[in-house]
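Student: Before we start, here is the structure in question, set down as structure tokens.
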Amino acid sequence: MSAFVPPRRDSFQDEVPVKFFRVLSDVKWRVANDCGALAEYSTDRQCVMPPIACPVCGSAVRDTRNPGFCYPAAEVSRFPCTLRKKLDYGTVAPPDEWEELRRRVIASLPYEVPLTPGTLFGPGTIEVKGRFADCYPNLQLGDGRFLISRTALERLRASGISDLFAAPAKIMSKRKTPDEYFELQIEHAALLNGSLDRKAIEADLREIDADWARNRVLVCDRCGREDGQLPKRIILVGSSIPDQVSLFRLAQRPRNVFCTEQFFEAVTRLKLTNILFESVKTDGSEKKDGFAKARQSRPDLWPGSLSGAKATVPPREPEKPRKLRKPKPLPPAQPVKSLLGGAALQTRARALEALACQCVRFGLSPADNLPVGSSRFGGLPDLPRGSGWPSRRSAQLDFLLQVNLADLTRVLPESPLPKAGWLWFFYDAENCPWGRDRDDRKGWQVSFWDGPGVQLTRAPAPDWLAAEAALPVCSLSLQTAEWLPDHTAPCVRMLKLSERELTAYRQTLKKLRAPEDNPLHKLLGWPDTIQNDMAELCSKVAGGKDWRVLLQLDSEEGAGMMWGDAGRLYFWIREQDLIARRFDRCWVMLQCF
């Protein structure tokens, strides 16, 4: 919800009433609603003004990027090809070349607008998680983007805020988008009265290198770079505030957006979510010189604006569900005994071989129209009639895997799992809980049912799940394999292997898991640990002892699975719960590189 942050009490006295506000994102609202928004920069429709290689302030040790100015209505596809190639963060231009680049960009725009290193052009692609908000005044990376829903935009315009310049934005989410979203193009800026706060920066630099800090250029006349942070007490130069403009930026730090009293009152009255306001003062110069007579925005001149599109946005074509790329066949299972036969492990082979245990590896193959009740990955699960899609306290769970235990019994008759029935694995693939906190428990569900198969029926997709977010439907190819514990497992550490033996054992594990680019999806067996041993952490967070892996899902981009940074997802269960068939007590751990 919107709220007002009262001005700080200090010795500053000013007869001018507070009329302007700094616009902020509501952190408490975002945390309470698991809300997040992050801009994607991989799209080919977006360009950016590069940093400046300044010979005065030294680009080798300082970054001249100053993000904040964003022009989403700029159709970069209309820029000359040679110009687009130079608009990239990876390009660093000397001041003269940068100024020439700025002139070329301005010539490609309808009229002149402020440009700084880091200025973004083109419509944004925004990845949104959790509950959708009315407003996103600043995305998580703090690049200055201002996102707003169509409903909120129309309500503000109906309230008299008629100068908002909106450009359509593309939203990426695993959940259905309840509304269309637009990015506000904020073209004007005001000046800060005084300078940025440099005390904290200077203190940090002195600790690193006193001589370098003493000679450092804090305000560069050559490239315009100014070091420092916003002061705790923000005062604007009143005469630099653009007249009759609802939203404007701060010239020294354009990622910071400010608004008029009329905008503040409209947002507060409408109770728009995820937006806060902090009152700011002016130096009073507007009483003498008036507000700045700035050029008004002209959305009708920008092809990528809402106005340029005649106030309508063509309906988005629904994205097709993802299809698995060329599946990689499972490699032949290798006997552990043959892998441990090297000279380096000759004296340890028997002890290590005793640690081996059976698991069931599986690969994913694209499939259509799988029979109800068959083992499957992705798509929609087959659930008993009368049971709904599982949900956990404020969490929306995605369907991962359905295992027909009869299929597993045929492959591994001595499996500790029930000989018949079904297991279903659900997980919050949007927020990806790591399993390191008790509250993460709301992020997954494992269900078991051993009734007759004729009572299973294909479950409908929940209302919140976007069609393109469903994982691709795949059949499972099952294979029995012997598996060894990771070299960090307590049972291996107890053997106190020498460095030579430990190196040889790591090579054995590498051969067992070969080829390296083949996903390691498994049921039962030892986990393929990426970081530390997880059994102890499960005991610490979830309680109990004797934890073992029930399911391991590797990252497989083509199948829509990317756990952290190419990591793995592990479902753990206690031995006593496995015997009692209490699969609802499973715990999940996520590890990545």
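Here, A, B, ... name the chains of the structure tokens in the order displayed, residue numbers run from 1 inside each chain, and ligands are numbered from 1 in the same displayed order.
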Please report as a Markdown table every residue of range 146-265 of chain A lying within 8 Å of range 450-473 of chain A, along with the nearest atom pair and their distance in Å (one decimal), using only C-alpha atoms.
Tutor:
| residue | atom | partner | partner_atom | distance |
| --- | --- | --- | --- | --- |
| A:Ser173 | CA | A:Ala469 | CA | 7.5 |
| A:Lys174 | CA | A:Ala469 | CA | 4.8 |
| A:Arg175 | CA | A:Leu465 | CA | 4.7 |
| A:Lys176 | CA | A:Ala466 | CA | 4.4 |
| A:Thr177 | CA | A:Ala466 | CA | 7.8 |
Student: Fewer than 3 positions away in the same chain doesn't count, so skip those; otherwise give me all residues within 10 Å of range 20-34 of chain A, counting only C-alpha atoms, as a PyMOL selection string.
Tutor: chain A and resi 1-5+7+17+37+129-133+135-140+146+234+236+238+241+246-250+256-264+273-282+394-395+431
Student: Going by DSSP on the backbone, which residues of range 467-583 of chain A come out as strand (DSSP E or B)? List them as a PyMOL selection string.
Tutor: chain A and resi 474-483+522-523+547-554+556+561+568-574
Student: For Thr91 in chain A, which residue out of A:Ile52, A:Val360, A:Ala107, A:Val76 is the nearest one, using only C-alpha atoms?
Tutor: A:Ile52
Student: In Å, rounded to a single decimal, give me how far CA of Glu414 in chain A is from CA of Ile573 in chain A.
Tutor: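 Computing the Euclidean distance for CA of Ile573 in chain A and CA of Glu414 in chain A yields 17.9 Å.
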Student: Neighbouring residues of Phe593 in chain A were defined as those with any atom within 10 Å, considering only C-alpha atoms; residues of the same chain fewer than 6 positions away were excluded. Please report them as a VMD selection string.
Tutor: chain A and resid 530 to 531 563 to 568
Student: Produce a file of the selected residues containing C-alpha atoms, as a PDB file, in the first residue's frame.
Tutor:
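Writing the result to result-v9.pdb gives the following:
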ATOM      1  CA  ILE A 530      27.611 -29.606  -4.745  1.00  0.00           C
ATOM      2  CA  GLN A 531      28.443 -27.934  -1.434  1.00  0.00           C
ATOM      3  CA  TRP A 563      18.009 -24.515  -9.657  1.00  0.00           C
ATOM      4  CA  GLY A 564      20.016 -21.461  -8.621  1.00  0.00           C
ATOM      5  CA  ASP A 565      23.270 -21.313 -10.573  1.00  0.00           C
ATOM      6  CA  ALA A 566      22.986 -24.652 -12.425  1.00  0.00           C
ATOM      7  CA  GLY A 567      22.414 -26.474  -9.138  1.00  0.00           C
ATOM      8  CA  ARG A 568      20.356 -29.423  -7.947  1.00  0.00           C
TER       9      ARG A 568
END
Student: Applying 6 Å and only C-alpha atoms, which residues near Ala481 in chain A remain after dropping the ones on its own chain fewer than 5 positions away? List them as an NGL selection string.
Tutor: :A and (333 or 358-359)
Student: Please produce a file of those selected residues containing N, CA and C atoms, as an mmCIF file, in the first residue's frame.
Tutor:
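The result, stored in part.cif:
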data_model
loop_
_atom_site.group_PDB
_atom_site.id
_atom_site.type_symbol
_atom_site.label_atom_id
_atom_site.label_comp_id
_atom_site.auth_asym_id
_atom_site.auth_seq_id
_atom_site.Cartn_x
_atom_site.Cartn_y
_atom_site.Cartn_z
ATOM 1 N N ALA A 333 25.098 -48.056 -17.228
ATOM 2 C CA ALA A 333 25.484 -48.125 -15.817
ATOM 3 C C ALA A 333 26.834 -48.829 -15.681
ATOM 4 N N GLN A 358 22.191 -48.920 -4.207
ATOM 5 C CA GLN A 358 21.413 -48.890 -5.438
ATOM 6 C C GLN A 358 20.603 -47.592 -5.525
ATOM 7 N N CYS A 359 20.474 -47.114 -6.742
ATOM 8 C CA CYS A 359 19.608 -45.980 -7.023
ATOM 9 C C CYS A 359 18.941 -46.218 -8.372
#
Student: Identify, on the basis of only C-alpha atoms, every residue whose closest approach to range 396-398 of chain A does not exceed 6 Å; exclude the query and any residue fewer than 2 positions from it along the same chain; express the result as a PyMOL selection string.
Tutor: chain A and resi 391+426-428
Student: For CA of His188 in chain A and CA of Cys35 in chain A, quote the distance in Å rounded to one decimal.
Tutor: 28.6 Å
Student: Separation of CA of Lys328 in chain A and CA of Ser415 in chain A, in Å?
Tutor: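 It comes out at 25.5 Å.
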Student: Arg506 in chain A: which residues within 7 Å, counting only C-alpha atoms, same-chain residues fewer than 4 positions away excluded, as number ranges by chain?
Tutor: A: 487, 502, 510
Student: Could those selected residues go to a file with N, CA and C atoms, as a tab-separated table (two decimals), in the first residue's frame?
Tutor:
chain	number	residue	atom	x	y	z
A	487	HIS	N	32.83	-37.43	-1.86
A	487	HIS	CA	34.05	-37.50	-1.06
A	487	HIS	C	33.95	-36.71	0.24
A	502	LEU	N	42.40	-39.80	-2.06
A	502	LEU	CA	41.26	-38.89	-2.21
A	502	LEU	C	41.16	-38.39	-3.65
A	510	LYS	N	33.93	-38.97	-10.78
A	510	LYS	CA	33.79	-38.28	-12.06
A	510	LYS	C	33.43	-39.27	-13.18
Student: Nearest residue to Ser307 in chain A out of A:Pro519, A:Pro168, A:Pro527, A:Pro67, using only C-alpha atoms?
Tutor: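 Nearest candidate to Ser307 in chain A out of A:Pro519, A:Pro168, A:Pro527, A:Pro67: A:Pro168.
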Student: Pick the closest to Leu38 in chain A from A:Leu147, A:Val588, A:Cys223, A:Leu191: which is it, counting only C-alpha atoms?
Tutor: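 Answer, going by the shortest atom-to-atom distance: A:Leu147.
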Student: Excluding same-chain residues fewer than 2 positions from Leu270 in chain A, what lies within 9 Å of it counting only C-alpha atoms, as a PyMOL selection string?
Tutor: chain A and resi 2+152+155-156+159+265-268+272
